[in-house]
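Q: Just passing along the structure, written as structure tokens.
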Amino acid sequence: MAVQVGVTLDRSSPVPLYHQLAEQLRTAIASGRLQPGDQLENELALAERLSLARPTVRQAIQELVDRGLVLRRRGIGTTVANPKVHRRADLTSLFDDLTRAGGQPSTSVLRHELVRDERVATALDLPADTELLSLVRLRFSGNRPLAIMRNWLPPAHYDISREDLQESGLYALLRERGVRPVVAAQSIGARPPTSSERHHLRLEPAEPVLTMTRTAFDSGGKAVEHGDHCYRAQDYSIEVLVDQR
């Protein structure tokens with residue numbers, strides 16, 4: 001059932017009506033009057049109730065869609081999205097990002113084993129037959145699964161345990177060992193999830209995952225970890241600063 005939000009429009013204001021409407025709906029979301037999963041009135045109902053042209057309402061809703069605040073789904077309508085985790089494309093861990101944002105991160109370790117992987121060993125600038133510590137973790141924000149994080153570490157970090165990973169972020173554990181990643185080669189993309197990812201992240205069949213692959217290096221240029229992560233795209237975004245000097 002659609003949730004009706006009180007809206008007051010100032011038709012004498014120089015602020016466009018669509019933006020006034022979008023801002024008041026945004027405020028309702030931020031204040032909790034509209035909760036994740038709540039359904040908004042459809043465009044026609046909003047237009048009639050507020051005496052607005054339907055294209056004006058459509059533009060307001062699109063502004064919210066573009067900001068990741070609401071989702072349009074065929075057959076369901078427009079619903080309030082789950083709060084996204086906005087992450088800058090710098091060398092932080094998701095665990096630290098969630099903690100700073102006031103979230104409640106937790107981790108389920110799905111795999112913790114020694115493996116040989118020529119592709120990853122090459123990325124870490126190690127001999128192809130080097131045994132690596134392979135980690136697969138399911139990261140939660142509160143009770144909601146957010147990401148599957150796959151990492152490979154060189155032999156120096158075999159001592160990192162399952163218990164360590166359940167209590168702390170990987171980069172915090174590396175820092176405790178005197179390792180400080182300072183630069184990374186990183187790529188960002190999107191793709192359909194695998195069946196396992198769909199299961200663990202509780203995704204609908206058509207929902208994509210956002211991906212991030214990177215190799216991090218310390219100040220001496222030594223590779224310290226390789227990661228291949230995927231995130232619920234509707235709950236996560238990565239912010240990139242483009243600086244043209």
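Here's how to read the names in the structure tokens: chain A, B, ... by the order shown, residue numbers from 1 in each chain, ligand numbers from 1 in the order shown.
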Residues at most 6 Å from stretch 206-222 of chain A, counting only C-alpha atoms, excluding those fewer than 3 positions away in the same chain, as number ranges by chain?
A: A: 180-193, 225-233
Q: Any chance you can output those residues with N, CA, C and O atoms as a PDB file, in the first residue's frame?
A:
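Final output, again-v8.pdb:
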ATOM      1  N   ARG A 180      51.228  -1.416   5.805  1.00  0.00           N
ATOM      2  CA  ARG A 180      50.318  -0.305   5.547  1.00  0.00           C
ATOM      3  C   ARG A 180      50.146  -0.113   4.036  1.00  0.00           C
ATOM      4  O   ARG A 180      51.005   0.474   3.381  1.00  0.00           O
ATOM      5  N   PRO A 181      49.039  -0.594   3.475  1.00  0.00           N
ATOM      6  CA  PRO A 181      48.800  -0.353   2.043  1.00  0.00           C
ATOM      7  C   PRO A 181      48.670   1.145   1.769  1.00  0.00           C
ATOM      8  O   PRO A 181      47.953   1.846   2.495  1.00  0.00           O
ATOM      9  N   VAL A 182      49.364   1.625   0.735  1.00  0.00           N
ATOM     10  CA  VAL A 182      49.310   3.062   0.441  1.00  0.00           C
ATOM     11  C   VAL A 182      48.854   3.373  -0.986  1.00  0.00           C
ATOM     12  O   VAL A 182      48.445   4.499  -1.285  1.00  0.00           O
ATOM     13  N   VAL A 183      48.917   2.401  -1.878  1.00  0.00           N
ATOM     14  CA  VAL A 183      48.498   2.627  -3.260  1.00  0.00           C
ATOM     15  C   VAL A 183      47.982   1.315  -3.819  1.00  0.00           C
ATOM     16  O   VAL A 183      48.351   0.236  -3.340  1.00  0.00           O
ATOM     17  N   ALA A 184      47.084   1.415  -4.818  1.00  0.00           N
ATOM     18  CA  ALA A 184      46.515   0.189  -5.374  1.00  0.00           C
ATOM     19  C   ALA A 184      46.210   0.357  -6.852  1.00  0.00           C
ATOM     20  O   ALA A 184      45.911   1.459  -7.318  1.00  0.00           O
ATOM     21  N   ALA A 185      46.293  -0.758  -7.573  1.00  0.00           N
ATOM     22  CA  ALA A 185      45.768  -0.850  -8.932  1.00  0.00           C
ATOM     23  C   ALA A 185      44.373  -1.427  -8.798  1.00  0.00           C
ATOM     24  O   ALA A 185      44.193  -2.521  -8.247  1.00  0.00           O
ATOM     25  N   GLN A 186      43.371  -0.698  -9.276  1.00  0.00           N
ATOM     26  CA  GLN A 186      41.981  -1.045  -8.967  1.00  0.00           C
ATOM     27  C   GLN A 186      41.090  -0.911 -10.188  1.00  0.00           C
ATOM     28  O   GLN A 186      41.263   0.003 -10.989  1.00  0.00           O
ATOM     29  N   SER A 187      40.127  -1.817 -10.321  1.00  0.00           N
ATOM     30  CA  SER A 187      39.129  -1.708 -11.382  1.00  0.00           C
ATOM     31  C   SER A 187      37.747  -1.946 -10.784  1.00  0.00           C
ATOM     32  O   SER A 187      37.591  -2.749  -9.862  1.00  0.00           O
ATOM     33  N   ILE A 188      36.751  -1.228 -11.323  1.00  0.00           N
ATOM     34  CA  ILE A 188      35.377  -1.289 -10.829  1.00  0.00           C
ATOM     35  C   ILE A 188      34.466  -1.692 -11.980  1.00  0.00           C
ATOM     36  O   ILE A 188      34.646  -1.224 -13.113  1.00  0.00           O
ATOM     37  N   GLY A 189      33.505  -2.533 -11.714  1.00  0.00           N
ATOM     38  CA  GLY A 189      32.596  -2.958 -12.769  1.00  0.00           C
ATOM     39  C   GLY A 189      31.275  -3.444 -12.202  1.00  0.00           C
ATOM     40  O   GLY A 189      30.969  -3.238 -11.028  1.00  0.00           O
ATOM     41  N   ALA A 190      30.489  -4.113 -13.049  1.00  0.00           N
ATOM     42  CA  ALA A 190      29.214  -4.684 -12.636  1.00  0.00           C
ATOM     43  C   ALA A 190      28.950  -5.909 -13.498  1.00  0.00           C
ATOM     44  O   ALA A 190      29.416  -5.998 -14.638  1.00  0.00           O
ATOM     45  N   ARG A 191      28.205  -6.858 -12.942  1.00  0.00           N
ATOM     46  CA  ARG A 191      27.891  -8.093 -13.671  1.00  0.00           C
ATOM     47  C   ARG A 191      26.732  -8.793 -12.982  1.00  0.00           C
ATOM     48  O   ARG A 191      26.374  -8.468 -11.840  1.00  0.00           O
ATOM     49  N   PRO A 192      26.149  -9.804 -13.652  1.00  0.00           N
ATOM     50  CA  PRO A 192      25.148 -10.633 -12.971  1.00  0.00           C
ATOM     51  C   PRO A 192      25.838 -11.462 -11.891  1.00  0.00           C
ATOM     52  O   PRO A 192      26.996 -11.855 -12.041  1.00  0.00           O
ATOM     53  N   PRO A 193      25.161 -11.759 -10.797  1.00  0.00           N
ATOM     54  CA  PRO A 193      25.773 -12.578  -9.743  1.00  0.00           C
ATOM     55  C   PRO A 193      25.788 -14.049 -10.124  1.00  0.00           C
ATOM     56  O   PRO A 193      24.990 -14.510 -10.935  1.00  0.00           O
ATOM     57  N   GLU A 225      48.304  -7.463  -0.790  1.00  0.00           N
ATOM     58  CA  GLU A 225      47.071  -8.257  -0.881  1.00  0.00           C
ATOM     59  C   GLU A 225      46.437  -8.052  -2.240  1.00  0.00           C
ATOM     60  O   GLU A 225      46.620  -7.037  -2.891  1.00  0.00           O
ATOM     61  N   HIS A 226      45.686  -9.070  -2.656  1.00  0.00           N
ATOM     62  CA  HIS A 226      44.882  -8.978  -3.883  1.00  0.00           C
ATOM     63  C   HIS A 226      43.445  -9.285  -3.503  1.00  0.00           C
ATOM     64  O   HIS A 226      43.175 -10.258  -2.782  1.00  0.00           O
ATOM     65  N   GLY A 227      42.513  -8.444  -3.964  1.00  0.00           N
ATOM     66  CA  GLY A 227      41.119  -8.623  -3.614  1.00  0.00           C
ATOM     67  C   GLY A 227      40.209  -8.628  -4.820  1.00  0.00           C
ATOM     68  O   GLY A 227      40.482  -7.967  -5.829  1.00  0.00           O
ATOM     69  N   ASP A 228      39.134  -9.398  -4.724  1.00  0.00           N
ATOM     70  CA  ASP A 228      38.113  -9.460  -5.777  1.00  0.00           C
ATOM     71  C   ASP A 228      36.764  -9.519  -5.068  1.00  0.00           C
ATOM     72  O   ASP A 228      36.359 -10.569  -4.567  1.00  0.00           O
ATOM     73  N   HIS A 229      36.083  -8.370  -4.976  1.00  0.00           N
ATOM     74  CA  HIS A 229      34.892  -8.248  -4.146  1.00  0.00           C
ATOM     75  C   HIS A 229      33.652  -7.993  -4.994  1.00  0.00           C
ATOM     76  O   HIS A 229      33.745  -7.432  -6.090  1.00  0.00           O
ATOM     77  N   CYS A 230      32.500  -8.366  -4.470  1.00  0.00           N
ATOM     78  CA  CYS A 230      31.238  -8.005  -5.114  1.00  0.00           C
ATOM     79  C   CYS A 230      30.256  -7.522  -4.053  1.00  0.00           C
ATOM     80  O   CYS A 230      30.277  -8.001  -2.909  1.00  0.00           O
ATOM     81  N   TYR A 231      29.421  -6.551  -4.437  1.00  0.00           N
ATOM     82  CA  TYR A 231      28.533  -5.868  -3.509  1.00  0.00           C
ATOM     83  C   TYR A 231      27.109  -5.838  -4.072  1.00  0.00           C
ATOM     84  O   TYR A 231      26.910  -5.819  -5.296  1.00  0.00           O
ATOM     85  N   ARG A 232      26.134  -5.793  -3.166  1.00  0.00           N
ATOM     86  CA  ARG A 232      24.754  -5.553  -3.578  1.00  0.00           C
ATOM     87  C   ARG A 232      24.693  -4.163  -4.204  1.00  0.00           C
ATOM     88  O   ARG A 232      24.880  -3.149  -3.516  1.00  0.00           O
ATOM     89  N   ALA A 233      24.423  -4.076  -5.505  1.00  0.00           N
ATOM     90  CA  ALA A 233      24.481  -2.793  -6.197  1.00  0.00           C
ATOM     91  C   ALA A 233      23.444  -1.799  -5.677  1.00  0.00           C
ATOM     92  O   ALA A 233      23.689  -0.591  -5.659  1.00  0.00           O
TER      93      ALA A 233
END
Q: Which neighbours of A:Gly37 fall inside 10 Å, counting only C-alpha atoms, when residues of the same chain fewer than 6 positions from it are skipped, and could you give them as a list in words?
A: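 Here the qualifying residues turn out to be Val70, Leu71, Thr78, Thr79, Val80, Ala81 and Asn82 of chain A.
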Q: Just list the residues in stretch 16-243 of chain A DSSP gives strand (DSSP E) on the backbone, as a ChimeraX atom specification.
A: /A:39-40,70-73,77-80,85-88,105-116,131-141,144-153,183-191,209-217,223-232,236-239
Q: Would you mind exporting C-alpha atoms of the selected residues as an mmCIF file, in the first residue's frame?
A:
data_model
loop_
_atom_site.group_PDB
_atom_site.id
_atom_site.type_symbol
_atom_site.label_atom_id
_atom_site.label_comp_id
_atom_site.auth_asym_id
_atom_site.auth_seq_id
_atom_site.Cartn_x
_atom_site.Cartn_y
_atom_site.Cartn_z
ATOM 1 C CA GLN A 39 5.891 2.321 -1.675
ATOM 2 C CA LEU A 40 5.418 5.866 -2.960
ATOM 3 C CA VAL A 70 14.143 5.136 -4.510
ATOM 4 C CA LEU A 71 13.813 2.213 -6.891
ATOM 5 C CA ARG A 72 11.428 1.816 -9.819
ATOM 6 C CA ARG A 73 10.330 -1.775 -10.405
ATOM 7 C CA GLY A 77 6.011 0.616 -8.421
ATOM 8 C CA THR A 78 8.404 3.076 -6.787
ATOM 9 C CA THR A 79 9.786 2.049 -3.396
ATOM 10 C CA VAL A 80 12.248 3.560 -0.947
ATOM 11 C CA VAL A 85 26.961 2.643 1.760
ATOM 12 C CA HIS A 86 28.880 5.340 -0.099
ATOM 13 C CA ARG A 87 32.533 4.419 -0.313
ATOM 14 C CA ARG A 88 35.330 6.521 -1.742
ATOM 15 C CA PRO A 105 29.502 -4.505 10.572
ATOM 16 C CA SER A 106 29.856 -8.225 11.111
ATOM 17 C CA THR A 107 31.582 -10.968 9.162
ATOM 18 C CA SER A 108 30.968 -14.595 8.319
ATOM 19 C CA VAL A 109 34.123 -16.344 7.105
ATOM 20 C CA LEU A 110 33.089 -18.651 4.271
ATOM 21 C CA ARG A 111 36.586 -19.883 3.376
ATOM 22 C CA HIS A 112 40.029 -19.750 4.982
ATOM 23 C CA GLU A 113 42.576 -21.982 3.268
ATOM 24 C CA LEU A 114 45.944 -22.212 1.571
ATOM 25 C CA VAL A 115 45.782 -22.370 -2.238
ATOM 26 C CA ARG A 116 47.953 -22.080 -5.313
ATOM 27 C CA GLU A 131 50.911 -21.004 -1.527
ATOM 28 C CA LEU A 132 48.610 -18.089 -0.715
ATOM 29 C CA LEU A 133 46.151 -17.559 2.115
ATOM 30 C CA SER A 134 42.740 -17.458 0.410
ATOM 31 C CA LEU A 135 39.896 -15.765 2.275
ATOM 32 C CA VAL A 136 36.214 -15.474 1.387
ATOM 33 C CA ARG A 137 34.090 -13.393 3.754
ATOM 34 C CA LEU A 138 30.449 -12.392 3.779
ATOM 35 C CA ARG A 139 30.170 -8.876 5.212
ATOM 36 C CA PHE A 140 26.955 -7.717 6.868
ATOM 37 C CA SER A 141 25.705 -4.254 7.753
ATOM 38 C CA ARG A 144 21.690 -7.195 5.873
ATOM 39 C CA PRO A 145 24.315 -8.949 3.711
ATOM 40 C CA LEU A 146 26.240 -6.330 1.777
ATOM 41 C CA ALA A 147 29.329 -7.853 0.172
ATOM 42 C CA ILE A 148 31.276 -11.002 -0.592
ATOM 43 C CA MET A 149 34.962 -10.256 -0.181
ATOM 44 C CA ARG A 150 37.607 -12.542 -1.693
ATOM 45 C CA ASN A 151 41.212 -11.822 -0.744
ATOM 46 C CA TRP A 152 44.550 -13.526 -1.232
ATOM 47 C CA LEU A 153 47.520 -12.812 1.020
ATOM 48 C CA VAL A 183 48.498 2.627 -3.260
ATOM 49 C CA ALA A 184 46.515 0.189 -5.374
ATOM 50 C CA ALA A 185 45.768 -0.850 -8.932
ATOM 51 C CA GLN A 186 41.981 -1.045 -8.967
ATOM 52 C CA SER A 187 39.129 -1.708 -11.382
ATOM 53 C CA ILE A 188 35.377 -1.289 -10.829
ATOM 54 C CA GLY A 189 32.596 -2.958 -12.769
ATOM 55 C CA ALA A 190 29.214 -4.684 -12.636
ATOM 56 C CA ARG A 191 27.891 -8.093 -13.671
ATOM 57 C CA VAL A 209 26.400 -6.952 -8.293
ATOM 58 C CA LEU A 210 28.942 -4.141 -8.256
ATOM 59 C CA THR A 211 32.508 -5.457 -8.448
ATOM 60 C CA MET A 212 35.876 -4.137 -7.346
ATOM 61 C CA THR A 213 39.203 -5.850 -8.025
ATOM 62 C CA ARG A 214 42.451 -4.450 -6.699
ATOM 63 C CA THR A 215 46.032 -5.200 -5.752
ATOM 64 C CA ALA A 216 47.355 -3.074 -2.907
ATOM 65 C CA PHE A 217 51.011 -2.120 -2.394
ATOM 66 C CA ALA A 223 52.212 -6.132 -3.124
ATOM 67 C CA VAL A 224 50.476 -6.884 0.162
ATOM 68 C CA GLU A 225 47.071 -8.257 -0.881
ATOM 69 C CA HIS A 226 44.882 -8.978 -3.883
ATOM 70 C CA GLY A 227 41.119 -8.623 -3.614
ATOM 71 C CA ASP A 228 38.113 -9.460 -5.777
ATOM 72 C CA HIS A 229 34.892 -8.248 -4.146
ATOM 73 C CA CYS A 230 31.238 -8.005 -5.114
ATOM 74 C CA TYR A 231 28.533 -5.868 -3.509
ATOM 75 C CA ARG A 232 24.754 -5.553 -3.578
ATOM 76 C CA TYR A 236 26.349 0.274 -2.327
ATOM 77 C CA SER A 237 28.098 2.907 -4.388
ATOM 78 C CA ILE A 238 31.718 3.913 -4.960
ATOM 79 C CA GLU A 239 32.678 7.571 -5.263
#
Q: Excluding same-chain residues fewer than 4 positions from stretch 25-32 of chain A, what lies within 10 Å of it counting only C-alpha atoms, as an NGL selection string?
A: :A and (5-7 or 19-21 or 36 or 38 or 40 or 60-61 or 63-64 or 67 or 69-70 or 80-81 or 83)
Q: My list of candidates is A:Val65, A:Ile76, A:Ala156, A:Ala121. Which is closest to A:Ala2 when distances are computed with only C-alpha atoms?
A: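 Checking each of A:Val65, A:Ile76, A:Ala156, A:Ala121 against A:Ala2, counting only C-alpha atoms, the winner is A:Ile76.
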Q: Give the alpha helix (DSSP H) residues of stretch 1-223 of chain A, as DSSP finds them on the backbone, and put them as a VMD selection string.
A: chain A and resid 17 to 31 43 to 50 54 to 66 94 to 100 118 to 123 162 to 167 170 to 176 195 to 201
Q: What is the atom CA of A:Glu163-atom CA of A:Glu197 distance in Å, reported with one decimal?
A: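 Separation of atom CA of A:Glu163 and atom CA of A:Glu197: 22.8 Å.
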Q: For the atom pair atom CA of A:Gln59 and atom CA of A:Leu46, what is the interatomic distance in Å to one decimal place?
A: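 It comes out at 12.2 Å.
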Q: Hey, can you check how far atom CA of A:Pro16 sits from atom CA of A:Thr56?
A: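 Atom-to-atom, atom CA of A:Pro16 to atom CA of A:Thr56, that is 9.1 Å.
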Q: A:Ile160, A:Asn143, A:Glu118, A:Gly178: which is nearest A:Leu201, counting only C-alpha atoms?
A: A:Asn143
Q: Near A:Arg119, within 9 Å and counting only C-alpha atoms, which residues show up once chain neighbours fewer than 4 positions away are dropped, as JSON, numbers by chain?
A: {"A": [123, 124, 128]}
Q: Output the selection as a compact mmCIF listing (two decimals), in the first residue's frame - N, CA, C and O atoms for each residue.
A:
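Now in part-v8.txt:
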# COMPACT_ATOMS: atom_id res chain seq x y z
N ALA A 123 49.80 -11.40 -9.85
CA ALA A 123 49.37 -10.06 -9.42
C ALA A 123 50.14 -9.62 -8.19
O ALA A 123 50.42 -8.42 -8.01
N LEU A 124 50.51 -10.57 -7.33
CA LEU A 124 51.25 -10.25 -6.11
C LEU A 124 52.76 -10.29 -6.33
O LEU A 124 53.53 -10.13 -5.37
N ALA A 128 54.76 -18.51 -9.36
CA ALA A 128 53.44 -19.05 -9.70
C ALA A 128 52.97 -20.14 -8.75
O ALA A 128 51.76 -20.32 -8.53
